[in-house]
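Novice: Below are the structure tokens for one structure; questions will follow.
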Amino acid sequence: MKDRKVWLVITGLLFMFALLYYIFGATSSGIYSNARVVSMVELPNNEPGSKDRIYDVELEILAGPYAGQTLQADHYDSPNTAYSLPIKPGDSVLAVIEKQEDGAMLIGIDEFFKSRKLMYLSMMLIVLIAAIAGVAGVKAMLALFFTLIIIFGFMAQFLLNGWSPILLAVISALIITVINLIFVAGFSQKALVASVGTASGVILAGFFGWGATELLHLTGYTGHESTYLQVMNSNISLKGILISGIIIGALGAVMDVAISIASSIQEIAVANQDYSHKDLFGSGMNIGRDIIGTMVNTLILAYTGASLSLILVFAMQREDFPLIKIMNMEFIGAEVVRSLAGLFGMVLSIPITAFVASRIYAEFKNNGQKKVADQ
């Protein structure tokens with residue numbers, strides 16, 4: 001048994017490392033290549049009033065068709081702006097090398113080269129989780145990796161092929177739920193109960209999101225990326241994308257609540273053999289009420305933290321963005337609906353999970369007692 005766990009940990013780690021290398025390991029593709037800044041010389045900026053700094057940069061190309069060559073590039077830096085890229089000799093950068101039709105070379109610096117460092121940070125965290133949580137931690141991380149594969153490899157591809165976003169989101173959510181709960185709880189009653197609770201909560205969150213988008217006349221145009229998506233593929237329903245995003249966004253919180261309720265009621269049923277299904281249901285609801293208090297904050301704070309820069313912009317421009325304007329903006333309405341739908345699905349998953357768990361555990365316990373009495 002111990003050897004089996006060791007092999008599971010090793011195999012799981014190797015699989016995750018291989019996938020991380022596939023995602024983050026590329027050093028060149030198309031016009032992009034990893035490069036190292038060898039030296040840089042600041043050039044005079046003759047444009048009146050401009051604070052931009054212009055550099056003549058010598059780049060050593062580390063990958064791609066120009067690997068081993070040293071090329072010159074002009075680099076423009078705008079300090080204290082979103083366009084600032086303060087490079088220095090020795091930095092690893094993502095270079096753009098494009099050959100023009102006339103034979104001239106267009107060479108520039110796009111970004112710092114971050115992907116390898118992101119890979120090492122991810123690997124370090126996975127090893128830390130495996131060291132502390134053991135097999136359970138590896139299983140949890142494997143479930144996360146399969147979730148990402150389903151979303152980016154399955155859901156995104158079928159969306160581009162014209163499938164219904166809402167149908168795909170529901171199917172993906174159900175697959176993710178089953179895979180995650182099997183990894184966490186195995187093929188058990190606990191996994192079955194949590195799956196039923198999660199599926200119910202996510203579907204109800206989707207219905208809430210659909211109803212809210214219709215009621216509020218939301219179109220799905222929530223930012224530049226949605227407009228860009230519509231230009232690239234006019235067949236994709238942005239409203240459907242919005243609702244499918246609500247479903248996937250609610251999945252994590254609903255699954256967390258469902259597995260907590262299912263696990264708690266199972267432990268109560270084992271420790272209290274004289275409890276009826278009503279007693280188990282009542283205990284599950286009491287636990288659920290405590291969970292709601294913390295999970296509400298978790299959901300709202302997650303959305304608020306992601307929008308902190310926007311909140312500061314609104315706070316600085318109160319005359320241009322009074323509260324009445326903010327609360328009637330399309331993307332604000334969409335974010336509020338996301339939060340409310342997640343809460344709606346999470347809250348309703350509690351009584352559903354508690355009811356299913358109380359029935360299944362009580363029935364299982366009664367059947368066990370009957371078998372003992374018959375013997």
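Ordering of the structure tokens sets the chain letters (A, B, ...), residue numbers begin anew at 1 in every chain, and ligands are numbered from 1 in the order given.
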Could you name the residues that touch Leu218 in chain A at 12 Å or less, counting only C-alpha atoms, but leaving out those on the same chain fewer than 6 positions away, as a ChimeraX atom specification?
Specialist: /A:209-212,238-243,328-337
Novice: Name all residues at most 10 Å from Ala173 in chain A (count only C-alpha atoms; drop same-chain ones fewer than 4 positions away) and give them as a list of chain:residue names.
Specialist: A:Thr147, A:Ile150, A:Ile151, A:Met155, A:Leu167, A:Leu168, A:Ala169, A:Thr177, A:Val178, A:Ile179, A:Thr198, A:Ala199, A:Val202, A:Ile203, A:Ser244, A:Ile247, A:Ile248, A:Gly249, A:Ala250, A:Leu251, A:Gly252
Novice: Can you tell me which residues surround His277 in chain A at a distance of at most 9 Å, considering only C-alpha atoms, apart from same-chain residues fewer than 4 positions away, and format the answer as number ranges by chain?
Specialist: A: 281-282, 355, 357-363
Novice: Mind checking which residues fall within 7 Å of range 49-66 of chain A, counting only C-alpha atoms, ignoring those fewer than 5 positions away in the same chain, and posting them as an NGL selection string?
Specialist: :A and (27-28 or 33-44 or 71-79)
Novice: What lies within 10 Å of Ile23 in chain A using only C-alpha atoms, ignoring chain neighbours under 6 positions off, as a list in words?
Specialist: Phe17, Ser115, Arg116 and Met119 of chain A
Novice: For N, CA and C atoms, I'd like the residues from the last selection saved as a PDB file, in the first residue's frame.
Specialist:
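New file again30.pdb:
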ATOM      1  N   PHE A  17       4.701  18.140 -13.866  1.00  0.00           N
ATOM      2  CA  PHE A  17       5.906  18.826 -14.334  1.00  0.00           C
ATOM      3  C   PHE A  17       5.977  18.824 -15.865  1.00  0.00           C
ATOM      4  N   SER A 115       8.120  33.199 -18.449  1.00  0.00           N
ATOM      5  CA  SER A 115       7.489  31.885 -18.423  1.00  0.00           C
ATOM      6  C   SER A 115       8.309  30.833 -17.675  1.00  0.00           C
ATOM      7  N   ARG A 116       9.642  30.837 -17.853  1.00  0.00           N
ATOM      8  CA  ARG A 116      10.461  29.845 -17.148  1.00  0.00           C
ATOM      9  C   ARG A 116      10.390  30.041 -15.624  1.00  0.00           C
ATOM     10  N   MET A 119       7.208  28.741 -14.369  1.00  0.00           N
ATOM     11  CA  MET A 119       7.261  27.275 -14.311  1.00  0.00           C
ATOM     12  C   MET A 119       7.951  26.810 -13.035  1.00  0.00           C
TER      13      MET A 119
END
Novice: With only C-alpha atoms as the atoms that count, which of A:Ile166, A:Leu323, A:Ile97, A:Leu348 lies nearest to Thr70 in chain A?
Specialist: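 Checking each candidate against Thr70 in chain A, we get A:Ile97 as the closest.
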Novice: Quick one: residues within 10 Å of Phe24 in chain A, only C-alpha atoms, excluding same-chain residues fewer than 4 positions away - as a VMD selection string?
Specialist: chain A and resid 18 to 20 114 to 120
